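Here is target.txt, consisting of compact mmCIF, C-alpha atoms:
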# COMPACT_ATOMS: atom_id res chain seq x y z
CA MET A 997 -26.88 29.22 -29.08
CA SER A 998 -25.76 26.14 -27.13
CA HIS A 999 -28.26 24.24 -25.08
CA PRO A 1000 -27.62 24.90 -21.32
CA THR A 1001 -27.10 21.19 -20.67
CA GLU A 1002 -24.52 20.92 -23.46
CA PHE A 1003 -22.73 24.04 -22.22
CA HIS A 1004 -22.29 22.72 -18.70
CA TRP A 1005 -21.64 19.06 -19.54
CA PRO A 1006 -17.78 19.25 -19.49
CA LEU A 1007 -17.92 21.02 -16.14
CA LEU A 1008 -20.28 18.39 -14.70
CA GLU A 1009 -18.02 15.60 -15.95
CA ALA A 1010 -15.01 17.30 -14.37
CA VAL A 1011 -16.82 17.68 -11.03
CA ALA A 1012 -17.80 13.99 -11.05
CA SER A 1013 -14.25 12.85 -11.98
CA ILE A 1014 -12.59 14.94 -9.26
CA ALA A 1015 -15.13 13.84 -6.65
CA LYS A 1016 -14.48 10.15 -7.41
CA ALA A 1017 -10.72 10.36 -7.91
CA PRO A 1018 -8.34 8.72 -5.43
CA LEU A 1019 -5.59 10.89 -3.97
CA THR A 1020 -3.12 9.58 -6.52
CA GLY A 1021 -5.32 10.68 -9.42
CA ILE A 1022 -6.62 14.06 -8.28
CA ALA A 1023 -3.93 16.13 -10.02
CA GLU A 1024 -4.55 14.41 -13.37
CA GLU A 1025 -8.33 14.78 -13.08
CA LEU A 1026 -8.04 18.44 -12.08
CA ARG A 1027 -5.77 19.15 -15.03
CA ALA A 1028 -8.24 17.46 -17.37
CA GLY A 1029 -11.10 19.46 -15.86
CA ILE A 1030 -9.26 22.76 -16.31
CA HIS A 1031 -8.08 21.95 -19.85
CA PRO A 1032 -11.24 23.25 -21.64
CA TYR A 1033 -10.50 26.68 -20.19
CA LEU A 1034 -6.71 26.76 -19.88
CA GLU A 1035 -3.76 24.84 -21.28
CA SER A 1036 -0.62 24.44 -19.22
CA SER A 1037 2.65 22.55 -19.39
CA ALA A 1038 2.22 21.14 -15.86
CA LEU A 1039 -0.02 21.26 -12.82
CA VAL A 1040 1.32 21.03 -9.28
CA ILE A 1041 -0.62 20.83 -6.01
CA PHE A 1042 1.18 21.50 -2.73
CA THR A 1043 -0.61 20.70 0.51
CA GLU A 1044 0.99 20.25 3.92
CA ASP A 1045 -1.99 18.21 5.17
CA CYS A 1046 -0.91 15.26 3.04
CA THR A 1047 2.35 14.42 4.76
CA GLY A 1048 3.11 11.35 2.67
CA ARG A 1049 3.10 13.17 -0.65
CA PRO A 1050 2.69 16.93 -0.15
CA GLN A 1051 3.08 17.38 -3.91
CA LYS A 1052 0.62 15.99 -6.46
CA LYS A 1053 1.65 16.59 -10.03
CA ALA A 1054 0.61 16.06 -13.64
CA GLY A 1055 2.12 17.19 -16.94
CA ALA A 1056 5.58 17.64 -18.42
CA GLU A 1057 8.12 15.29 -16.83
CA ASP A 1058 10.94 17.86 -16.93
CA ILE A 1059 8.85 20.11 -14.67
CA VAL A 1060 7.04 17.71 -12.32
CA SER A 1061 10.23 15.74 -11.62
CA ARG A 1062 12.22 18.86 -10.66
CA VAL A 1063 9.79 21.17 -8.86
CA SER A 1064 10.77 21.55 -5.20
CA ILE A 1065 8.98 22.39 -1.98
CA PRO A 1066 11.13 25.52 -1.31
CA GLU A 1067 10.12 26.83 -4.75
CA LEU A 1068 6.44 26.27 -4.00
CA GLU A 1069 6.74 27.87 -0.58
CA GLY A 1070 8.46 30.89 -2.09
CA LEU A 1071 5.66 31.30 -4.61
CA ARG A 1072 2.99 30.97 -1.93
CA ALA A 1073 4.72 33.60 0.21
CA ALA A 1074 4.86 35.98 -2.78
CA MET A 1075 1.13 35.72 -3.45
CA GLU A 1076 -1.29 38.36 -2.24
CA GLY A 1077 -4.65 36.89 -1.31
CA ASP A 1078 -5.95 33.55 -2.54
CA GLY A 1079 -5.48 34.20 -6.26
CA PRO A 1080 -5.67 33.91 -9.12
CA TRP A 1081 -2.06 35.14 -9.11
CA ARG A 1082 -0.20 35.60 -12.39
CA GLY A 1083 3.47 36.25 -12.82
CA SER A 1084 6.94 34.81 -13.16
CA ALA A 1085 8.24 32.44 -10.48
CA ARG A 1086 11.14 30.05 -10.10
CA ILE A 1087 9.70 26.58 -10.70
CA ALA A 1088 11.65 23.40 -11.57
CA GLY A 1089 14.96 25.20 -11.41
CA GLY A 1090 14.17 28.19 -13.63
CA PRO A 1091 11.84 31.16 -14.18
CA ARG A 1092 8.42 30.30 -15.60
CA GLU A 1093 5.13 32.05 -16.13
CA VAL A 1094 2.58 30.65 -13.69
CA LEU A 1095 -1.04 30.96 -12.65
CA ALA A 1096 -1.55 30.13 -8.97
CA PHE A 1097 -4.47 29.69 -6.54
CA ARG A 1098 -4.58 29.08 -2.80
CA TYR A 1099 -7.16 27.18 -0.77
CA PRO A 1100 -7.42 28.95 2.63
CA PRO A 1101 -8.92 26.12 4.74
CA SER A 1102 -5.77 24.00 4.31
CA ASN A 1103 -3.37 26.62 2.88
CA ALA A 1104 -2.97 24.35 -0.16
CA LEU A 1105 -1.46 25.77 -3.34
CA LEU A 1106 -2.26 25.11 -7.01
CA VAL A 1107 0.32 26.08 -9.64
CA LEU A 1108 -0.20 25.94 -13.41
CA THR A 1109 2.97 26.50 -15.43
CA ASP A 1110 3.06 28.26 -18.82
CA PRO A 1111 -0.70 28.99 -18.75
CA ALA A 1112 -2.43 29.75 -22.06
CA PRO A 1113 -6.19 30.39 -22.31
CA VAL A 1114 -7.93 28.04 -24.75
CA GLU A 1115 -10.15 30.90 -25.92
CA PRO A 1116 -8.32 34.20 -26.60
CA ASP A 1117 -11.16 36.19 -25.07
CA ALA A 1118 -11.56 33.98 -21.99
CA GLY A 1119 -12.35 36.21 -19.05
CA GLU A 1120 -13.25 36.16 -15.38
CA GLY A 1121 -15.88 33.47 -15.93
CA SER A 1122 -13.23 30.90 -16.89
CA LEU A 1123 -11.08 31.87 -13.91
CA ARG A 1124 -14.06 31.41 -11.58
CA LEU A 1125 -14.73 27.95 -13.01
CA MET A 1126 -11.06 27.00 -12.54
CA ALA A 1127 -11.14 28.32 -8.98
CA TYR A 1128 -14.30 26.28 -8.32
CA LEU A 1129 -12.71 23.06 -9.60
CA TRP A 1130 -9.57 23.77 -7.58
CA GLY A 1131 -11.62 24.31 -4.41
CA LEU A 1132 -13.39 21.00 -5.01
CA ALA A 1133 -10.09 19.17 -5.52
CA ALA A 1134 -8.46 20.75 -2.45
CA ALA A 1135 -11.48 19.89 -0.31
CA ARG A 1136 -11.38 16.32 -1.63
CA ILE A 1137 -7.71 16.00 -0.65
CA GLN A 1138 -8.45 17.39 2.82
CA GLU A 1139 -11.35 14.96 3.24
CA LYS A 1140 -9.37 11.90 2.10
CA VAL A 1141 -6.41 12.74 4.33
CA SER A 1142 -8.69 13.32 7.32
CA ASP A 1143 -10.49 10.02 6.70
CA ALA A 1144 -7.08 8.27 6.62
CA PRO A 1145 -7.98 5.08 4.71
CA PRO A 1146 -5.49 2.20 5.09
CA SER A 1147 -4.21 2.64 1.52
CA TYR A 1148 -3.29 6.27 2.24
CA LEU A 1149 -1.61 5.38 5.55
CA LEU A 1150 0.49 2.66 3.91
CA GLU A 1151 1.68 4.95 1.14
CA SER A 1152 2.22 7.85 3.53
CA ARG A 1153 4.39 5.77 5.86
CA ALA A 1154 6.55 4.50 3.00
CA ALA A 1155 6.89 7.95 1.43
CA SER A 1156 7.65 9.67 4.74
CA ALA A 1157 10.33 7.16 5.68
CA GLU A 1158 11.98 7.41 2.29
CA ARG A 1159 11.88 11.24 2.26
CA ILE A 1160 13.55 11.43 5.66
CA ARG A 1161 16.18 8.89 4.62
CA VAL A 1162 17.03 10.68 1.37
CA THR A 1163 17.05 14.10 3.04
CA GLY A 1164 19.31 12.82 5.80
CA GLU A 1165 21.75 11.44 3.24
CA LEU A 1166 21.78 14.74 1.33
CA VAL A 1167 22.29 16.75 4.50
CA ASP A 1168 25.19 14.53 5.59
CA GLN A 1169 26.76 14.61 2.16
CA HIS A 1170 26.51 18.37 1.61
CA SER A 1171 27.30 19.24 5.24
CA THR A 1172 30.57 17.34 5.03
CA THR A 1173 31.44 19.09 1.77
CA LEU A 1174 30.59 22.55 3.06
CA GLU A 1175 32.37 22.01 6.37
CA THR A 1176 35.48 20.87 4.49
CA VAL A 1177 35.36 23.95 2.30
CA LEU A 1178 34.94 26.17 5.33
CA ALA A 1179 37.94 24.58 7.02
CA ALA A 1180 40.07 25.10 3.93
CA LEU A 1181 39.00 28.69 3.48
CA ARG A 1182 39.73 29.51 7.12
CA SER A 1183 43.26 28.17 6.75
CA ASN A 1184 46.09 30.71 7.07
CA SER A 1185 47.74 29.23 4.02
CA LEU A 1186 45.35 31.18 1.79
CA ASP A 1187 46.63 34.67 0.97
CA ASP A 1188 43.61 36.35 -0.57
CA ARG A 1189 41.79 37.48 2.58
CA ALA A 1190 38.97 39.20 0.74
CA ALA A 1191 38.20 36.15 -1.37
CA ARG A 1192 38.41 33.91 1.64
CA THR A 1193 36.01 36.10 3.63
CA PHE A 1194 33.49 36.30 0.79
CA VAL A 1195 33.47 32.56 0.11
CA THR A 1196 33.38 31.77 3.84
CA ASP A 1197 30.24 33.88 4.28
CA LEU A 1198 28.65 32.36 1.19
CA THR A 1199 29.37 28.81 2.29
CA ALA A 1200 28.18 29.45 5.84
CA LYS A 1201 24.86 30.74 4.51
CA ALA A 1202 24.55 27.66 2.28
CA LEU A 1203 25.18 25.41 5.27
CA VAL A 1204 22.48 27.19 7.31
CA GLY A 1205 20.07 26.93 4.37
CA LEU A 1206 20.70 23.21 4.06
CA ARG A 1207 20.03 22.64 7.76
CA THR A 1208 16.87 24.76 7.49
CA LEU A 1209 15.68 22.64 4.56
CA SER A 1210 16.28 19.49 6.60
CA ASP A 1211 14.33 20.87 9.57
CA HIS A 1212 11.46 21.93 7.33
CA THR A 1213 11.29 18.56 5.61
CA ASN A 1214 11.02 16.90 9.02
CA ASN A 1215 8.27 19.37 9.95
CA LEU A 1216 6.33 18.35 6.84
CA VAL A 1217 6.30 14.69 7.85
CA GLU A 1218 5.91 15.17 11.62
CA GLU A 1219 3.37 16.88 13.85
CA PRO A 1220 3.84 17.91 17.50
CA VAL A 1221 1.79 15.56 19.65
CA ALA A 1222 0.07 18.44 21.49
CA LYS A 1223 -0.98 20.00 18.17
CA ALA A 1224 -2.26 16.66 16.87
CA PHE A 1225 -4.35 16.17 20.02
CA GLU A 1226 -5.76 19.70 19.77
CA ARG A 1227 -6.87 18.94 16.21
CA LEU A 1228 -8.66 15.87 17.58
CA ARG A 1229 -10.53 18.11 20.02
CA GLU A 1230 -11.60 20.32 17.12
CA ASP A 1231 -12.77 17.29 15.13
CA LEU A 1232 -14.93 16.06 18.02
CA ARG A 1233 -16.31 19.44 19.07
CA PRO A 1234 -19.44 19.19 16.82
CA LEU A 1235 -20.33 15.85 18.39
CA MET A 1236 -20.00 17.37 21.85
CA HIS A 1237 -22.40 20.13 20.83
CA PHE A 1238 -25.08 17.94 19.27
CA SER A 1239 -25.20 15.01 21.67
CA ASN A 1240 -25.65 14.44 25.37
CA ILE A 1241 -22.28 12.74 25.64
CA ASP A 1242 -19.61 14.36 27.77
CA ILE A 1243 -16.17 13.74 26.19
CA GLN A 1244 -13.29 14.00 28.62
CA PHE A 1245 -9.86 14.54 27.08
CA ILE A 1246 -6.69 13.39 28.82
CA GLU A 1247 -3.86 15.20 27.05
CA PRO A 1248 -0.50 13.67 26.14
CA PRO A 1249 2.71 15.15 27.58
CA ALA A 1250 3.35 18.51 25.95
CA ASN A 1251 7.00 17.58 25.42
CA GLY A 1252 6.20 14.15 24.00
CA ARG A 1253 7.88 12.98 20.82
CA ALA A 1254 6.45 14.42 17.60
CA LEU A 1255 4.19 12.09 15.63
CA PRO A 1256 4.89 11.03 12.04
CA GLY A 1257 2.15 12.46 9.86
CA GLU A 1258 0.58 9.10 9.06
CA VAL A 1259 0.44 8.21 12.77
CA ALA A 1260 -1.23 11.54 13.62
CA HIS A 1261 -3.81 11.02 10.84
CA ALA A 1262 -4.45 7.42 11.88
CA ALA A 1263 -4.78 8.34 15.57
CA ARG A 1264 -7.37 11.05 14.93
CA ALA A 1265 -9.34 8.88 12.50
CA VAL A 1266 -9.36 5.94 14.94
CA VAL A 1267 -10.52 8.02 17.92
CA ARG A 1268 -13.18 9.77 15.83
CA GLY A 1269 -14.42 6.40 14.61
CA LEU A 1270 -14.47 4.93 18.11
CA VAL A 1271 -16.37 7.87 19.56
CA LEU A 1272 -18.94 7.73 16.74
CA ALA A 1273 -19.38 3.97 17.23
CA ILE A 1274 -19.78 4.45 20.98
CA ALA A 1275 -22.31 7.24 20.45
CA GLU A 1276 -24.59 4.81 18.57
CA GLN A 1277 -25.11 2.82 21.79
CA SER A 1278 -27.86 3.54 24.27
CA GLU A 1279 -27.19 4.77 27.78
CA VAL A 1280 -23.78 6.29 27.03
CA HIS A 1281 -23.25 9.54 28.91
CA ARG A 1282 -19.49 9.86 29.20
CA VAL A 1283 -16.47 8.99 27.05
CA ARG A 1284 -12.84 9.40 28.01
CA ALA A 1285 -10.20 9.79 25.30
CA GLN A 1286 -6.57 9.63 26.39
CA TRP A 1287 -3.26 9.87 24.52
CA ASP A 1288 0.13 9.12 25.99
CA CYS A 1289 3.67 8.58 24.67
CA ASP A 1290 6.36 6.18 25.79
CA GLY A 1291 9.03 7.44 23.40
CA GLU A 1292 8.46 4.66 20.87
CA ASN A 1293 4.65 4.45 20.63
CA LEU A 1294 1.55 6.60 20.76
CA LEU A 1295 -0.73 5.02 23.37
CA ILE A 1296 -4.47 5.62 22.89
CA ASN A 1297 -7.23 4.67 25.30
CA VAL A 1298 -10.94 5.26 24.76
CA ARG A 1299 -13.43 4.23 27.42
CA ASP A 1300 -17.19 4.69 27.79
CA ASP A 1301 -19.75 4.24 30.57
CA GLY A 1302 -22.38 2.47 28.45
CA GLY A 1303 -23.90 -0.97 28.75
CA GLY A 1304 -21.19 -2.83 26.83
CA GLU A 1305 -23.14 -3.11 23.57
CA LEU A 1306 -20.16 -2.47 21.29
CA SER A 1307 -19.12 -5.51 19.24
CA PRO A 1308 -15.42 -6.13 18.46
CA GLN A 1309 -16.57 -8.03 15.37
CA GLY A 1310 -18.77 -5.18 14.13
CA PRO A 1311 -18.00 -3.50 10.78
CA ASN A 1312 -17.15 -0.18 12.47
CA LEU A 1313 -14.38 -1.65 14.59
CA GLU A 1314 -13.15 -3.85 11.74
CA ARG A 1315 -12.60 -0.76 9.58
CA LEU A 1316 -10.77 0.98 12.41
CA LEU A 1317 -8.58 -2.09 12.96
CA GLN A 1318 -7.51 -1.91 9.29
CA ARG A 1319 -6.32 1.67 9.84
CA VAL A 1320 -4.39 0.61 12.93
CA GLN A 1321 -2.76 -2.31 11.16
CA ALA A 1322 -1.80 -0.12 8.20
CA VAL A 1323 0.72 1.67 10.44
CA ASP A 1324 1.80 -1.57 12.18
CA GLY A 1325 -0.28 -0.87 15.30
CA THR A 1326 -2.39 -3.05 17.56
CA MET A 1327 -5.88 -2.59 18.98
CA ASN A 1328 -7.37 -4.39 21.98
CA VAL A 1329 -11.10 -4.16 22.71
CA GLU A 1330 -12.41 -5.18 26.11
CA ILE A 1331 -16.20 -5.27 26.44
CA MET A 1332 -17.69 -5.52 29.91
CA PRO A 1333 -21.46 -6.12 29.73
CA GLY A 1334 -23.17 -3.60 31.94
CA TRP A 1335 -19.93 -1.63 32.39
CA GLY A 1336 -19.02 -0.30 28.94
CA ALA A 1337 -16.08 -0.71 26.58
CA ASP A 1338 -12.37 -0.12 27.05
CA ILE A 1339 -10.34 0.15 23.83
CA SER A 1340 -6.54 0.40 23.80
CA VAL A 1341 -4.54 1.22 20.67
CA VAL A 1342 -0.75 1.21 20.29
CA LEU A 1343 0.71 2.99 17.23
CA PRO A 1344 4.51 2.67 16.70
CA LEU A 1345 6.18 5.97 15.87
CA ASP A 1346 8.85 4.36 13.69
CA PRO A 1347 8.43 2.13 10.64
CA PRO A 1348 9.31 -1.52 11.28
CA SER A 1349 12.98 -2.31 10.90
CA THR A 1350 13.98 -4.11 7.73
CA PRO A 1351 16.19 -7.18 7.55
CA ALA A 1352 19.81 -7.11 6.42
CA GLY A 1353 20.30 -6.79 2.69
CA ASP A 1354 17.28 -4.51 2.44
CA ALA A 1355 16.48 -1.80 -0.10
CA ALA A 1356 19.41 0.37 0.99
CA GLY A 1357 21.82 -2.15 -0.53
CA TRP A 1358 20.11 -2.41 -3.89
CA GLY A 1359 21.61 0.78 -5.32
CA LEU A 1360 18.25 2.17 -6.43
CA ALA A 1361 17.78 5.78 -7.49
CA ALA A 1362 15.15 7.77 -5.57
CA ARG A 1363 12.60 7.54 -8.41
CA GLU A 1364 13.24 3.79 -8.84
CA LEU A 1365 12.55 3.26 -5.15
CA GLU A 1366 9.29 5.24 -5.45
CA VAL A 1367 8.23 3.00 -8.34
CA LEU A 1368 9.13 -0.10 -6.31
CA GLN A 1369 7.13 1.12 -3.29
CA LEU A 1370 4.03 1.64 -5.40
CA LEU A 1371 4.58 -1.68 -7.16
CA ALA A 1372 4.84 -3.40 -3.76
CA ALA A 1373 1.56 -1.72 -2.75
CA GLY A 1374 -0.15 -3.49 -5.66
CA GLN A 1375 -0.41 -0.55 -8.06
CA ARG A 1376 -0.48 -1.06 -11.84
CA ASN A 1377 1.65 0.88 -14.32
CA ARG A 1378 -1.08 3.40 -15.14
CA THR A 1379 -1.67 4.22 -11.47
CA ILE A 1380 2.07 4.47 -10.79
CA ALA A 1381 2.43 6.86 -13.72
CA THR A 1382 -0.45 9.02 -12.48
CA ASP A 1383 0.82 9.12 -8.91
CA LEU A 1384 4.36 10.12 -9.91
CA GLY A 1385 3.30 12.42 -12.74
CA ILE A 1386 5.22 10.50 -15.40
CA SER A 1387 4.26 8.53 -18.51
CA GLU A 1388 3.60 4.80 -18.57
CA ASN A 1389 6.61 4.39 -20.86
CA THR A 1390 8.78 6.03 -18.19
CA VAL A 1391 7.35 3.63 -15.60
CA LYS A 1392 8.28 0.70 -17.86
CA PHE A 1393 11.80 2.14 -18.21
CA HIS A 1394 12.19 2.30 -14.41
CA LEU A 1395 10.79 -1.23 -14.04
CA ARG A 1396 13.36 -2.61 -16.48
CA ASN A 1397 16.12 -0.99 -14.43
CA LEU A 1398 14.55 -2.32 -11.22
CA PHE A 1399 14.37 -5.89 -12.52
CA ARG A 1400 18.03 -5.69 -13.57
CA LYS A 1401 19.24 -4.27 -10.24
CA LEU A 1402 17.13 -6.67 -8.17
CA ASP A 1403 18.05 -9.61 -10.41
CA VAL A 1404 14.40 -10.64 -10.90
CA ARG A 1405 12.45 -11.51 -14.03
CA SER A 1406 8.86 -10.54 -13.16
CA ARG A 1407 6.65 -8.17 -11.20
CA THR A 1408 5.74 -10.99 -8.84
CA GLU A 1409 9.39 -11.65 -7.96
CA ALA A 1410 10.04 -7.92 -7.49
CA ILE A 1411 7.02 -7.54 -5.20
CA ALA A 1412 8.02 -10.58 -3.14
CA LEU A 1413 11.56 -9.23 -2.72
CA ALA A 1414 10.24 -5.79 -1.78
CA HIS A 1415 7.92 -7.29 0.83
CA SER A 1416 10.78 -9.29 2.30
CA ALA A 1417 12.61 -5.96 2.85
CA GLY A 1418 9.62 -4.37 4.58
CA LEU A 1419 8.28 -2.38 1.61
CA ARG A 1420 4.50 -2.67 1.36
Could you express the structure from this file as structure tokens?
Amino acid sequence: MSHPTEFHWPLLEAVASIAKAPLTGIAEELRAGIHPYLESSALVIFTEDCTGRPQKKAGAEDIVSRVSIPELEGLRAAMEGDGPWRGSARIAGGPREVLAFRYPPSNALLVLTDPAPVEPDAGEGSLRLMAYLWGLAAARIQEKVSDAPPSYLLESRAASAERIRVTGELVDQHSTTLETVLAALRSNSLDDRAARTFVTDLTAKALVGLRTLSDHTNNLVEEPVAKAFERLREDLRPLMHFSNIDIQFIEPPANGRALPGEVAHAARAVVRGLVLAIAEQSEVHRVRAQWDCDGENLLINVRDDGGGELSPQGPNLERLLQRVQAVDGTMNVEIMPGWGADISVVLPLDPPSTPAGDAAGWGLAARELEVLQLLAAGQRNRTIATDLGISENTVKFHLRNLFRKLDVRSRTEAIALAHSAGLR
């Protein structure tokens, strides 16, 4: 009989690895933690909280490179309850056997393709352990996204901008094609009325589906400003209950421009951090938190009625400034001894414009641009491979193509060129 400590050691190692993993490595660590109980060809996590990269993947390249958000949404809609759910689903362009779990607090989804128990007689106990590890990983993702560290905000902004650009290009390309086909099929020069009617209906439905996909992609990377502000209220409600501080909320215009996901995350994290820093002062009874929009920026103002003890050079405000700067924002702190603090934050809603001859003219494939973005952010090959769910050899293959297309001979030259085009 195994010693209890020996029996639980792999589980304890998995818990520790998932708890310490960065966002880019959570899928790989979760797959490794599940492996003693279940083998699978690929693991995919889908969470709408993480707007920069809603999918986190590990495993077979032919699956993780092709799985799509509509496929994952279709699977989630087909599930009854939170799982485990077993069955056949369309994943990566074809039918596959899957094992799926949901995480209700964030509606996140875990999908394991081609699942095969390691032990033939593995039962409910193994499924409960897998569900436990999944819950830990999903909670970790939710926590990291909510905390909005600068590294996450930088990657999220780059990924969101690229996703919108690529989606827009696809929509334009396919819309033009479908509209041309529709015009041809509606022409009186075609004799077969029945065929024309059938193909017209089919093409019209495809056009609607494409527009729906575009709208949904935008929804994944944007958040209505009123909804984002309401989530801030929810975040601060516990502090309002357990302190003597009265927090007054001045809401943004309900019809204000939607916020990019990384801006919404940064705004909530900054206001939470400011309120917590203010609460550490003595003689603070009232805090006012205000959001406003001018069409191009989210304008944040936080003011307290304390004695002006907050220090702009303090570690709390320095960390918040890093979050602000990660999304190209500015923060101004005005301390009035005896009258409190007045902090103003401006967060641009659009990424900074890039100079002429930027990445759009380099002729990079979508995956090559992803590799370049991570390279420009200072990531090494192993981390890039983990984040994109590909092998290190595949990363090296993409880098060789990048160096050739950019006409550079080293990582340093590639990073410098990427930075000059606004990729960071």
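Residues in contact with Val1114 of chain A at 7 Å, where all atoms listed in the file are counted and same-chain residues fewer than 2 positions away are skipped, are listed as Pro1032, Tyr1033, Leu1034, Glu1035, Ala1112 and Pro1116 of chain A.
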Here is a test: counting all atoms listed in the file, which residue of A:Arg1086, A:Ile1041, A:Ala1265, A:Arg1062 is nearest to Arg1227 of chain A? A:Ala1265
Suppose you want the space between atom CA of Leu1413 of chain A and atom CA of Ala1361 of chain A; what is it in Å? 16.9 Å
Atom CA of Phe1097 of chain A to atom CA of Gly1077 of chain A, straight-line distance in Å: 8.9 Å
Counting all atoms listed in the file, what is within 12 Å of Ala1127 of chain A, bar same-chain residues fewer than 5 positions away, as number ranges by chain? A: 1026, 1029-1030, 1033-1034, 1078-1081, 1095-1099, 1105-1107, 1120-1122, 1132-1134
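Interatomic distance, atom CA of Leu1343 of chain A to atom CA of Ala1254 of chain A: 12.8 Å.
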Provide an axis-aligned box for all listed atoms of segment 1059-1064 of chain A, padding each side by 5 Å; report its centre and its edge lengths in Å to one decimal, as lines of an AutoDock Vina configuration file.
center_x = 9.6
center_y = 18.6
center_z = -9.9
size_x = 15.2
size_y = 15.8
size_z = 19.5
Compare A:Asn1297, A:Gly1302, A:Arg1400, A:Arg1092 by their minimum atom-to-atom distance to Val1266 of chain A, counting all atoms listed in the file, and give me the closest one. A:Asn1297
Tell me which protein, DNA and RNA residues are within 12 Å of Arg1268 of chain A, counting all atoms listed in the file, leaving out same-chain ones fewer than 3 positions away, and put them as number ranges by chain. A: 1142-1144, 1225, 1227-1236, 1243, 1261-1265, 1271-1275, 1283, 1285, 1296, 1298, 1312-1313, 1316
Applying 10 Å and all atoms listed in the file, which residues near Leu1068 of chain A remain after dropping the ones on its own chain fewer than 3 positions away? List them as an NGL selection string. :A and (1040-1042 or 1051 or 1063-1065 or 1071-1074 or 1085-1088 or 1105-1107)
Glu1024 of chain A environment, 8 Å, all atoms listed in the file, sequence neighbours closer than 4 positions dropped, as a short mmCIF file (atom, residue, chain, number, x, y, z; two decimals) with C-alpha atoms, in the frame of the given file:
data_model
loop_
_atom_site.label_atom_id
_atom_site.label_comp_id
_atom_site.auth_asym_id
_atom_site.auth_seq_id
_atom_site.Cartn_x
_atom_site.Cartn_y
_atom_site.Cartn_z
CA ALA A 1028 -8.24 17.46 -17.37
CA LYS A 1053 1.65 16.59 -10.03
CA ALA A 1054 0.61 16.06 -13.64
CA THR A 1382 -0.45 9.02 -12.48
#
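Using all atoms listed in the file, the nearest neighbour of Lys1140 of chain A within the list A:Gly1090, A:Gly1385, A:Pro1308, A:Pro1018 is A:Pro1018.
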So which one's closest to Ile1137 of chain A, A:Lys1052, A:Arg1363, A:Arg1253, A:Arg1376? Using all atoms listed in the file, please. A:Lys1052
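If you measure from each of A:Leu1125, A:Leu1402, A:Ile1411, A:Met1075 to Ala1372 of chain A using only C-alpha atoms, the closest one turns out to be A:Ile1411.
Minimum atom-to-atom distance to Phe1393 of chain A, evaluated using all atoms listed in the file, belongs to A:Asn1377 out of A:Ser1147, A:Asn1377, A:Thr1408, A:Ser1239.
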